[in-house]
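Asks: Okay, handing you the structure first.
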Amino acid sequence: MRKPTVLALVIGIVAAVAAVGIMPRAPRLAGQSTGDTALAADVRAAVPDAAGHRGLAVAVLENGLVRTAGLGDRDPAGRPVEPGTRFEIGSITKVMTGMLLARQATTGAVRPDEPVGTLLPALTGPAREVTLAELASHRSGLPRLAVDSPGDVVGTWWANVTGGNPYAGQDARWLVDAVGGERPGDGRGQVHYSNLGVALLGQALATRAGTSYPELLDRELLRPLGMTATVVATDADALPPARAEGTTAGGRPVEAWVGGGWAPAGVGPWSTAEDLARLLGATLAGTAPGADAATPRFTEDDRNRIGYGWFTTRYGDSEIVWHNGGTGGFRTYLGFERATGRGVVVLGNTDQGVEPIGLRLLGVPVQDADGDGPPLPVWITAGLAVVFTFLGGLSLLGATRRAPDRLTLATAVAWAVLYLGLGHRLGNWSVVPGWLWSIGAGLSATGIVLAAYRWRGLPPLAGAPPWRRLTSVAFSALLAILAVVIITRL
């Protein structure tokens with residue numbers, strides 16, 4: 001073995017060992033707990049894997065009594081989660097919007113079969129004919145989200161890549177205008193989940209009531225139930241203090257989601273395990289405003305039915321009424337079983353799913369609670385971790401043997417470093433072991449040493465016409481700049 005190769009291997013090994021200090025580390029549910037210690041122990045036993053979770057707030061309702069506990073950290077600084085810590089609740093808000101419909105239908109303010117256009121005169125287009133009940137039960141035929149322009153597509157993609165807020169600036173007027181360009185599809189009358197439909201429903205109910213959605217929710221549901229800790233943030237300045245901080249399961253921080261138009265579907269609301277337990281208990285007892293929204297009215301398939309916002313799913317002999325929620329850095333679950341009178345609230349401050357925890361606490365058998373395994377996006381981000389970690393180093397090693405000039409070699413070195421950064425930031429390191437990244441760092445370091453050795457014997461530019469080579473490098477540089485921006489924004 002030649003001396004440069006031996007030296008490169010030694011440096012690569014040293015670099016891999018040194019990289020252990022900065023390798024990506026997924027959050028892991030810490031040992032600290034607050035509130036009911038017995039419940040905290042039950043929750044830990046119900047967590048399939050502590051990796052990917054940072055903190056949890058849980059409430060269990062049984063025999064008319066509520067127990068609450070906080071587990072782990074509410075933020076990277078290690079401050080503990082408490083039962084009263086506010087979490088971003090996401091689509092759990094949809095059940096509240098459904099309850100507002102049931103409440104207003106009871107008072108005669110609206111009719112469930114009423115076209116949404118009669119409540120929203122500003123709404124144009126075919127969507128005007130969709131009924132309130134169809135919107136509340138995801139049977140409107142409207143798409144999951146609205147795309148008002150190509151810029152919206154790019155903006156949403158960029159927010160997802162950088163952990164930003166994809167709903168920034170999308171207020172109620174924006175939403176109504178966007179729906180005006182949508183046409184209910186062939187699936188109208190069938191259950192197809194639509195954030196857009198529920199957001200439109202909430203804005204329509206608020207317009208009929210002559211107020212905003214946050215004010216309507218507070219007046220009709222939150223205040224009557226004593227849910228004083230639940231708030232709807234329509235802009236970043238309104239985010240609650242001492243809140244949990246959200247991250248991905250790989251540990252990447254993300255922005256809170258705010259966008260007033262989407263508030264009825266779950267963008268902007270924050271709540272606590274204690275407050276949501278009040279909602280759960282009153283719904284079970286039938287005393288909550290609009291509690292009838294939880295009654296299943298429409299069939300999705302042989303296991304699932306839906307009411308106004310609330311889903312009802314059969315697990316063996318158990319029938320669970322529920323809804324979950326997910327934002328950029330939070331996952332939530334709310335569910336109860338009428339037959340036993342038992343209910344649970346589970347709030348988590350990463351994007352690691354908490355549904356298995358809630359179902360286990362409800363007594364659903366493990367094989368049913370855990371489902372069929374992690375969803376596809378988990379494996380996509382896990383794949384990105386592996387691909388980006390090793391792609392740059394392997395490509396660089398190939399370039400050290402085949403590069404015709406220094407320009408090619410320099411480009412390969414730059415991409416080896418950038419790919420490592422992308423893998424560190426974009427990969428799901430709750431699924432892939434973080435030490436793999438250290439091996440990738442060692443591989444890239446080996447390639448860099450070999451590239452430095454070969455550098456002296458190469459011409460600055462060779463091969464294809466210079467203009468073609470320089471154009472290729474310029475395009476590669478633009479992609480590299482984009483990669484740097486992504487890394488620095490994460």
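Every chain in the structure tokens takes a letter, A first, then B, and so on in the order presented; its residues are numbered from 1, and the ligands are numbered from 1 following the presented order.
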Return as a PyMOL selection string the full set of residues in region 165-324 of chain A whose backbone-based DSSP assignment is strand (DSSP E).
Replies: chain A and resi 231-232+269-271+298-299+304-306+311-315+318-324
Asks: Using the selection just defined, write its residues with N, CA and C atoms as a PDB file, in the first residue's frame.
Replies:
ATOM      1  N   VAL A 231     -54.955  28.709  23.445  1.00  0.00           N
ATOM      2  CA  VAL A 231     -54.912  29.962  22.694  1.00  0.00           C
ATOM      3  C   VAL A 231     -54.717  29.659  21.215  1.00  0.00           C
ATOM      4  N   VAL A 232     -55.114  30.620  20.380  1.00  0.00           N
ATOM      5  CA  VAL A 232     -54.891  30.522  18.935  1.00  0.00           C
ATOM      6  C   VAL A 232     -53.967  31.663  18.541  1.00  0.00           C
ATOM      7  N   PRO A 269     -53.199  26.964  16.945  1.00  0.00           N
ATOM      8  CA  PRO A 269     -53.691  26.667  18.296  1.00  0.00           C
ATOM      9  C   PRO A 269     -52.652  25.952  19.182  1.00  0.00           C
ATOM     10  N   TRP A 270     -52.617  26.340  20.431  1.00  0.00           N
ATOM     11  CA  TRP A 270     -51.767  25.732  21.463  1.00  0.00           C
ATOM     12  C   TRP A 270     -52.653  25.374  22.647  1.00  0.00           C
ATOM     13  N   SER A 271     -52.337  24.257  23.301  1.00  0.00           N
ATOM     14  CA  SER A 271     -53.123  23.862  24.462  1.00  0.00           C
ATOM     15  C   SER A 271     -52.266  23.009  25.392  1.00  0.00           C
ATOM     16  N   PHE A 298     -71.062   9.178   9.196  1.00  0.00           N
ATOM     17  CA  PHE A 298     -70.750   8.725   7.852  1.00  0.00           C
ATOM     18  C   PHE A 298     -69.699   7.613   7.922  1.00  0.00           C
ATOM     19  N   THR A 299     -69.773   6.686   6.988  1.00  0.00           N
ATOM     20  CA  THR A 299     -68.868   5.538   6.974  1.00  0.00           C
ATOM     21  C   THR A 299     -67.738   5.761   5.987  1.00  0.00           C
ATOM     22  N   ASN A 304     -63.754   2.333   9.973  1.00  0.00           N
ATOM     23  CA  ASN A 304     -63.710   3.753  10.306  1.00  0.00           C
ATOM     24  C   ASN A 304     -64.996   4.475   9.923  1.00  0.00           C
ATOM     25  N   ARG A 305     -65.470   5.307  10.863  1.00  0.00           N
ATOM     26  CA  ARG A 305     -66.582   6.210  10.613  1.00  0.00           C
ATOM     27  C   ARG A 305     -66.183   7.601  11.081  1.00  0.00           C
ATOM     28  N   ILE A 306     -66.964   8.592  10.693  1.00  0.00           N
ATOM     29  CA  ILE A 306     -66.600   9.960  11.034  1.00  0.00           C
ATOM     30  C   ILE A 306     -67.845  10.764  11.375  1.00  0.00           C
ATOM     31  N   PHE A 311     -63.104  11.147  14.436  1.00  0.00           N
ATOM     32  CA  PHE A 311     -63.077   9.831  13.805  1.00  0.00           C
ATOM     33  C   PHE A 311     -63.451   8.760  14.823  1.00  0.00           C
ATOM     34  N   THR A 312     -64.040   7.679  14.376  1.00  0.00           N
ATOM     35  CA  THR A 312     -64.330   6.522  15.210  1.00  0.00           C
ATOM     36  C   THR A 312     -63.763   5.294  14.517  1.00  0.00           C
ATOM     37  N   THR A 313     -62.858   4.592  15.204  1.00  0.00           N
ATOM     38  CA  THR A 313     -62.156   3.454  14.604  1.00  0.00           C
ATOM     39  C   THR A 313     -62.288   2.244  15.514  1.00  0.00           C
ATOM     40  N   ARG A 314     -62.515   1.089  14.896  1.00  0.00           N
ATOM     41  CA  ARG A 314     -62.625  -0.168  15.651  1.00  0.00           C
ATOM     42  C   ARG A 314     -61.274  -0.875  15.686  1.00  0.00           C
ATOM     43  N   TYR A 315     -60.848  -1.244  16.897  1.00  0.00           N
ATOM     44  CA  TYR A 315     -59.655  -2.048  17.124  1.00  0.00           C
ATOM     45  C   TYR A 315     -60.091  -3.319  17.842  1.00  0.00           C
ATOM     46  N   SER A 318     -62.693  -3.072  20.663  1.00  0.00           N
ATOM     47  CA  SER A 318     -62.743  -1.694  21.155  1.00  0.00           C
ATOM     48  C   SER A 318     -63.102  -0.738  20.026  1.00  0.00           C
ATOM     49  N   GLU A 319     -63.844   0.314  20.373  1.00  0.00           N
ATOM     50  CA  GLU A 319     -64.183   1.350  19.416  1.00  0.00           C
ATOM     51  C   GLU A 319     -63.727   2.686  19.994  1.00  0.00           C
ATOM     52  N   ILE A 320     -62.737   3.298  19.333  1.00  0.00           N
ATOM     53  CA  ILE A 320     -62.096   4.498  19.846  1.00  0.00           C
ATOM     54  C   ILE A 320     -62.531   5.707  19.025  1.00  0.00           C
ATOM     55  N   VAL A 321     -62.953   6.759  19.737  1.00  0.00           N
ATOM     56  CA  VAL A 321     -63.268   8.047  19.113  1.00  0.00           C
ATOM     57  C   VAL A 321     -62.028   8.927  19.293  1.00  0.00           C
ATOM     58  N   TRP A 322     -61.549   9.531  18.217  1.00  0.00           N
ATOM     59  CA  TRP A 322     -60.222  10.138  18.310  1.00  0.00           C
ATOM     60  C   TRP A 322     -59.966  11.194  17.246  1.00  0.00           C
ATOM     61  N   HIS A 323     -58.861  11.898  17.448  1.00  0.00           N
ATOM     62  CA  HIS A 323     -58.224  12.695  16.408  1.00  0.00           C
ATOM     63  C   HIS A 323     -56.770  12.894  16.812  1.00  0.00           C
ATOM     64  N   ASN A 324     -55.914  13.014  15.824  1.00  0.00           N
ATOM     65  CA  ASN A 324     -54.518  13.299  16.100  1.00  0.00           C
ATOM     66  C   ASN A 324     -54.139  14.643  15.485  1.00  0.00           C
TER      67      ASN A 324
END
Asks: Contacts of region 72-79 of chain A at 8 Å or less, counting only C-alpha atoms, minus same-chain residues fewer than 4 places along, as a list in words?
Replies: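 Selected residues are Leu29, Ala30, Gly31, Gln32, Ser33, Arg54, Gly55, Leu56, Thr85, Arg243, Ala244, Glu245, Gly246 and Asn349 of chain A.
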Asks: Skip region 96-102 of chain A itself and residues of its chain fewer than 5 positions away, then list as an NGL selection string all residues within 10 Å of it, counting only C-alpha atoms.
Replies: :A and (91 or 107-112 or 132-133 or 135-137 or 198-199 or 201-206 or 213 or 216-217 or 220-222 or 263-266 or 279 or 283 or 288-294 or 307-310)
Asks: With C-alpha atoms kept, could you save the residues just selected as a compact mmCIF listing (two decimals), in the first residue's frame?
Replies:
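Done, and the output landed in result-v9.txt:
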# COMPACT_ATOMS: atom_id res chain seq x y z
CA SER A 91 -55.30 18.98 13.77
CA THR A 107 -78.99 26.92 18.26
CA GLY A 108 -80.34 27.28 14.73
CA ALA A 109 -77.61 29.66 13.63
CA VAL A 110 -76.71 27.33 10.73
CA ARG A 111 -77.94 24.13 9.08
CA PRO A 112 -75.49 21.27 8.46
CA LEU A 132 -71.12 22.49 6.05
CA ALA A 133 -71.59 18.82 6.97
CA LEU A 135 -66.68 20.10 5.10
CA ALA A 136 -66.81 18.84 8.70
CA SER A 137 -66.64 15.18 7.66
CA VAL A 198 -62.15 22.25 7.66
CA ALA A 199 -60.34 25.60 7.49
CA LEU A 201 -65.76 25.56 7.56
CA GLY A 202 -64.29 27.40 10.53
CA GLN A 203 -64.00 30.67 8.65
CA ALA A 204 -67.57 30.32 7.39
CA LEU A 205 -68.94 29.73 10.91
CA ALA A 206 -67.00 32.74 12.20
CA TYR A 213 -62.46 32.18 14.35
CA LEU A 216 -65.76 32.33 18.15
CA LEU A 217 -63.82 29.35 19.51
CA GLU A 220 -68.52 29.11 22.26
CA LEU A 221 -66.19 26.36 23.51
CA LEU A 222 -63.07 27.35 25.44
CA ALA A 263 -56.49 28.17 12.31
CA PRO A 264 -59.73 26.08 12.21
CA ALA A 265 -57.73 23.19 10.73
CA GLY A 266 -54.93 23.38 13.30
CA LEU A 279 -62.63 18.90 26.56
CA THR A 283 -67.44 15.36 25.43
CA ALA A 288 -69.56 20.01 26.12
CA PRO A 289 -70.97 22.55 23.64
CA GLY A 290 -71.37 20.60 20.41
CA ALA A 291 -70.55 17.25 22.05
CA ASP A 292 -72.77 15.58 19.47
CA ALA A 293 -70.04 16.23 16.89
CA ALA A 294 -68.35 13.05 18.14
CA GLY A 307 -68.75 12.61 12.69
CA TYR A 308 -68.05 16.33 12.61
CA GLY A 309 -64.27 16.29 12.95
CA TRP A 310 -64.10 13.22 15.21
Asks: Mind pulling up the distance from CA of Ser430 (chain A) to CA of Ser395 (chain A)?
Replies: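 Taking CA of Ser395 (chain A) and CA of Ser430 (chain A), their separation equals 26.1 Å.
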Asks: From the options A:Glu129, A:Asp302, A:Glu337, A:Glu88, which residue's atoms come nearest to Gly180 (chain A), counting only C-alpha atoms?
Replies: A:Glu129
Asks: Run DSSP on the backbone of this structure and report the residues of region 136-277 of chain A it assigns to alpha helix (DSSP H), as a VMD selection string.
Replies: chain A and resid 136 150 to 162 172 to 180 195 to 209 213 to 217 223 to 225 273 to 277
Asks: Write to file, as a compact mmCIF listing (two decimals), in the first residue's frame, the residues of the selection just made, with C-alpha atoms.
Replies:
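Dumped everything to selection-v6.txt:
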# COMPACT_ATOMS: atom_id res chain seq x y z
CA ALA A 136 -66.81 18.84 8.70
CA PRO A 150 -46.47 28.11 -8.36
CA GLY A 151 -44.91 30.32 -5.71
CA ASP A 152 -47.01 28.57 -3.08
CA VAL A 153 -45.56 25.21 -4.15
CA VAL A 154 -42.00 26.53 -3.92
CA GLY A 155 -42.72 28.27 -0.62
CA THR A 156 -44.21 25.16 0.95
CA TRP A 157 -41.28 23.04 -0.24
CA TRP A 158 -38.78 25.55 1.10
CA ALA A 159 -40.52 25.76 4.48
CA ASN A 160 -40.55 21.97 4.81
CA VAL A 161 -36.86 21.71 3.90
CA THR A 162 -35.72 24.48 6.24
CA ALA A 172 -58.76 34.21 6.15
CA ARG A 173 -59.06 36.36 3.02
CA TRP A 174 -56.23 34.44 1.34
CA LEU A 175 -57.96 31.16 2.17
CA VAL A 176 -61.34 32.20 0.76
CA ASP A 177 -59.69 33.46 -2.43
CA ALA A 178 -57.70 30.23 -2.76
CA VAL A 179 -60.79 28.04 -2.34
CA GLY A 180 -62.48 30.04 -5.09
CA ASN A 195 -57.30 20.57 5.79
CA LEU A 196 -58.67 23.07 3.31
CA GLY A 197 -62.26 21.95 3.86
CA VAL A 198 -62.15 22.25 7.66
CA ALA A 199 -60.34 25.60 7.49
CA LEU A 200 -63.09 26.88 5.19
CA LEU A 201 -65.76 25.56 7.56
CA GLY A 202 -64.29 27.40 10.53
CA GLN A 203 -64.00 30.67 8.65
CA ALA A 204 -67.57 30.32 7.39
CA LEU A 205 -68.94 29.73 10.91
CA ALA A 206 -67.00 32.74 12.20
CA THR A 207 -68.31 34.94 9.37
CA ARG A 208 -71.90 33.92 10.08
CA ALA A 209 -71.33 34.74 13.76
CA TYR A 213 -62.46 32.18 14.35
CA PRO A 214 -60.29 32.58 17.49
CA GLU A 215 -62.97 34.72 19.13
CA LEU A 216 -65.76 32.33 18.15
CA LEU A 217 -63.82 29.35 19.51
CA ARG A 223 -64.59 29.66 28.04
CA PRO A 224 -67.63 27.46 28.77
CA LEU A 225 -65.27 24.52 29.41
CA ALA A 273 -52.90 18.21 28.57
CA GLU A 274 -55.00 19.63 31.41
CA ASP A 275 -57.16 21.75 29.11
CA LEU A 276 -57.69 18.99 26.55
CA ALA A 277 -58.68 16.64 29.37
